[in-house]
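Single-structure report; data block below.
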Amino acid sequence: MAEISRKELRQQINKKIFSGIYLLYGEEKMYIKADTSLLLEKLMGKNPPEFNFHKFDKDYELDDIAVAVQVAPFMSEKNVVVISDLDVNDNKIFPKSEVDRLIDIMDNLPDTTVLIFTMPTLKQDMKKLGANFTKLKKYIAKKGTVCAMGRETDLSLARQIIKWADSRGKKIEQADAFKLQEYAGFDLNTIKNELDKLCNYIGDEEVITTAHIEKLVTKQLEANIFSLTDAIVALDSDKVFNTLDALFYHKADANEIISVISMSYIDFYRARVAAESGTPIAQVAKDFGYGRREFALKKAGNKIRRISTPMLRKSLDEITETTAKLRSVSVNGRVLIEALVAKLIIYAGERE
């Protein structure tokens with residue numbers, strides 16, 4: 001048993017090659033829900049028999065789980081136990097001793113029981129999974145199957161959007177599929193909802209256009225802040241301050257705003273250094289773990305052609321200084337952000 005890809009997981013499920021224990025987790029909640037449902041259907045049919053199906057999604061009493069996994073199948077090949085959104089990193093709910101006991105329960109799992117840990121809504125930082133979760137994950141990887149549902153790449157997500165539109169009898173160009181995901185963010189459920197809204201809006205029209213997306217798709221916070229940095233490097237001060245007004249009107253936090261501004265300028269600087277050193281963007285994206293955000297690095301190089309490298313360095317210094325002030329000084333965050341973007345506009349217009 002081991003950690004496998006989503007493709008491998010679905011192949012095994014469809015062939016009815018089952019493990020005794022599963023851990024399905026990650027950022028892409030739509031996939032976790034879909035694959036958990038597929039696994040249950042292949043194991044138990046569309047209507048799981050009540051006697052052999054046990055689901056824990058709110059109250060996690062280990063005594064109850066210990067009893068459930070030991071139930072012998074009745075008129076069924078398998079006894080299935082599903083544990084949803086178990087936050088083993090919450091020490092108040094699940095101290096380390098409970099993790100050890102959970103592992104003891106799995107050590108004595110009957111061959112006729114399939115135990116499924118699924119995380120359809122639990123938010124997880126994939127870079128900081130926590131000691132308890134990592135311990136559980138390593139154990140299950142040895143005894144069963146672990147599958148992390150990561151975000152799609154930009155191209156594969158664009159293809160998925162095109163496929164969804166086609167299933168509704170609509171067309172969307174790849175560039176507009178990228179535009180949709182740029183505005184809607186990276187969550188598949190959100191993207192699917194926005195696409196459904198577009199399909200309903202255009203009615204008998206066949207093609208979803210850029211104009212439709214601009215008019216209807218709700219921009220996520222990050223998309224609005226990225227448009228702010230675009231306006232800064234384009235020296236469009238009116239758009240900069242109008243965007244800031246809108247962000248603060250909608251209660252955006254100053255720390256969130258500066259975090260995304262910082263991200264944009266780091267992209268700008270990396271794209272510039274890559275160009276000056278002759279390093280391919282794809283290699284830079286790989287080195288710095290961009291994953292599905294490689295598109296941002298590619299766009300960054302085109303946006304800053306008029307800005308000198310010294311001014312980019314100066315801008316990053318200003319962003320770092322403002323970030324420190326926001327975290328250490330009791331001041332009006334909006335005032336600091338407005339002062340910062342004013343300086344960034346000036347630096348963007350200077351050549352040296």
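A note on labels: chains of the structure tokens are A, B, ... as shown, every chain counts residues from 1, and ligands are counted from 1 in their shown order.
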
Give me the residues within 12 Å of Val233 of chain A as a PyMOL selection string, counting only C-alpha atoms and dropping any in the same chain fewer than 4 places off.
chain A and resi 226-229+237+239-240+261+264-265+268+300-308+311-312+315+341-350

Kindly export the residues of the current selection with N, CA and C atoms, as a compact mmCIF listing (two decimals), in the first residue's frame.
```txt
# COMPACT_ATOMS: atom_id res chain seq x y z
N PHE A 226 -4.77 41.57 -7.08
CA PHE A 226 -3.88 41.42 -8.23
C PHE A 226 -4.16 42.49 -9.29
N SER A 227 -5.45 42.84 -9.45
CA SER A 227 -5.77 43.91 -10.40
C SER A 227 -5.23 45.24 -9.89
N LEU A 228 -5.13 45.37 -8.56
CA LEU A 228 -4.55 46.57 -7.96
C LEU A 228 -3.07 46.69 -8.35
N THR A 229 -2.31 45.60 -8.22
CA THR A 229 -0.89 45.65 -8.57
C THR A 229 -0.71 45.86 -10.07
N SER A 237 -3.17 55.51 -11.64
CA SER A 237 -3.42 55.86 -10.24
C SER A 237 -4.91 55.92 -9.92
N LYS A 239 -7.33 54.02 -11.11
CA LYS A 239 -7.79 52.66 -10.89
C LYS A 239 -7.23 52.10 -9.58
N VAL A 240 -5.99 52.45 -9.27
CA VAL A 240 -5.38 51.98 -8.02
C VAL A 240 -6.21 52.38 -6.82
N ILE A 261 -0.01 41.91 -2.46
CA ILE A 261 0.89 42.85 -3.15
C ILE A 261 2.31 42.31 -3.11
N SER A 264 2.75 39.50 -5.54
CA SER A 264 2.85 40.00 -6.93
C SER A 264 4.25 40.52 -7.22
N TYR A 265 4.79 41.30 -6.29
CA TYR A 265 6.10 41.89 -6.53
C TYR A 265 7.23 40.86 -6.47
N PHE A 268 7.11 39.51 -9.84
CA PHE A 268 7.74 40.45 -10.76
C PHE A 268 9.27 40.31 -10.72
N ALA A 300 3.88 37.95 -15.22
CA ALA A 300 4.63 38.99 -14.50
C ALA A 300 5.69 39.63 -15.38
N GLY A 301 6.39 38.82 -16.15
CA GLY A 301 7.46 39.35 -16.99
C GLY A 301 6.98 40.37 -17.99
N ASN A 302 5.79 40.18 -18.53
CA ASN A 302 5.24 41.11 -19.51
C ASN A 302 4.78 42.41 -18.88
N LYS A 303 4.35 42.35 -17.62
CA LYS A 303 3.79 43.53 -16.97
C LYS A 303 4.83 44.55 -16.56
N ILE A 304 6.08 44.14 -16.38
CA ILE A 304 7.07 45.03 -15.76
C ILE A 304 8.22 45.41 -16.69
N ARG A 305 7.99 45.31 -17.97
CA ARG A 305 9.07 45.61 -18.93
C ARG A 305 9.58 47.04 -18.78
N ARG A 306 8.71 47.97 -18.37
CA ARG A 306 9.13 49.38 -18.27
C ARG A 306 9.78 49.69 -16.93
N ILE A 307 9.71 48.76 -15.96
CA ILE A 307 10.24 49.04 -14.63
C ILE A 307 11.66 48.49 -14.51
N SER A 308 12.56 49.30 -14.00
CA SER A 308 13.95 48.88 -13.87
C SER A 308 14.12 47.92 -12.69
N MET A 311 14.40 49.66 -9.29
CA MET A 311 13.12 50.12 -8.77
C MET A 311 12.28 48.96 -8.21
N LEU A 312 12.44 47.77 -8.80
CA LEU A 312 11.76 46.60 -8.25
C LEU A 312 12.31 46.28 -6.86
N SER A 315 11.02 48.78 -4.46
CA SER A 315 9.61 48.51 -4.16
C SER A 315 9.48 47.39 -3.13
N VAL A 341 1.12 52.21 -1.73
CA VAL A 341 0.83 52.12 -3.16
C VAL A 341 1.21 53.43 -3.87
N ALA A 342 1.11 54.56 -3.17
CA ALA A 342 1.54 55.83 -3.76
C ALA A 342 3.02 55.78 -4.10
N LYS A 343 3.83 55.24 -3.17
CA LYS A 343 5.26 55.11 -3.42
C LYS A 343 5.54 54.11 -4.54
N LEU A 344 4.78 53.01 -4.57
CA LEU A 344 5.00 52.00 -5.60
C LEU A 344 4.70 52.56 -7.00
N ILE A 345 3.69 53.43 -7.09
CA ILE A 345 3.38 54.07 -8.38
C ILE A 345 4.55 54.95 -8.81
N ILE A 346 5.11 55.69 -7.86
CA ILE A 346 6.26 56.55 -8.17
C ILE A 346 7.44 55.71 -8.65
N TYR A 347 7.74 54.62 -7.94
CA TYR A 347 8.86 53.77 -8.33
C TYR A 347 8.63 53.12 -9.70
N ALA A 348 7.39 52.78 -9.97
CA ALA A 348 7.08 52.16 -11.27
C ALA A 348 7.30 53.11 -12.43
N GLY A 349 7.20 54.42 -12.12
CA GLY A 349 7.38 55.41 -13.18
C GLY A 349 8.83 55.87 -13.33
N GLU A 350 9.68 55.51 -12.36
CA GLU A 350 11.10 55.91 -12.44
C GLU A 350 11.91 54.88 -13.21
```

Which parts of segment 80-135 of chain A does DSSP call strand (DSSP E) when run on the backbone here, written out as a VMD selection string?
chain A and resid 80 to 84 113 to 118

Segment 142-148 of chain A surroundings by only C-alpha atoms, 9 Å radius, close-in-sequence under 6 positions cut, as number ranges by chain:
A: 1-6, 9, 18-28, 32, 106-107

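Taking atom CA of Ile257 of chain A as the reference point, atom CA of Ile225 of chain A is found at 6.4 Å.
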
Taking into account only C-alpha atoms, which residue in the set A:Leu136, A:Ile202, A:Ser259, A:Val67 is nearest to Asn108 of chain A?
A:Val67

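Those residues that approach Met44 of chain A to within 12 Å, counting only C-alpha atoms, are Lys16, Thr36, Ser37, Leu38, Leu39, Pro49, Glu50, Phe51, Asn52, Phe53, His54, Pro73, Phe74, Met75, Ser76, Glu77, Lys78, Asn79, Val80, Val81, Thr113 and Val114 of chain A; same-chain residues fewer than 5 positions away are not listed.
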
Find the residues of segment 129-186 of chain A that sit at most 12 Å from segment 88-92 of chain A; for each, write down the nearest two atoms and how far apart they are in Å, to one decimal. Count only C-alpha atoms. Sort by chain, then by number going up, and give it as JSON lines.
```
{"residue": "A:Leu129", "atom": "CA", "partner": "A:Asn89", "partner_atom": "CA", "distance": 8.3}
{"residue": "A:Gly130", "atom": "CA", "partner": "A:Asn89", "partner_atom": "CA", "distance": 6.2}
{"residue": "A:Ala131", "atom": "CA", "partner": "A:Asn89", "partner_atom": "CA", "distance": 7.3}
{"residue": "A:Asn132", "atom": "CA", "partner": "A:Asn89", "partner_atom": "CA", "distance": 5.6}
{"residue": "A:Phe133", "atom": "CA", "partner": "A:Val88", "partner_atom": "CA", "distance": 5.9}
{"residue": "A:Thr134", "atom": "CA", "partner": "A:Asn89", "partner_atom": "CA", "distance": 9.5}
{"residue": "A:Lys135", "atom": "CA", "partner": "A:Val88", "partner_atom": "CA", "distance": 9.8}
{"residue": "A:Leu136", "atom": "CA", "partner": "A:Val88", "partner_atom": "CA", "distance": 8.5}
{"residue": "A:Lys137", "atom": "CA", "partner": "A:Val88", "partner_atom": "CA", "distance": 10.8}
```
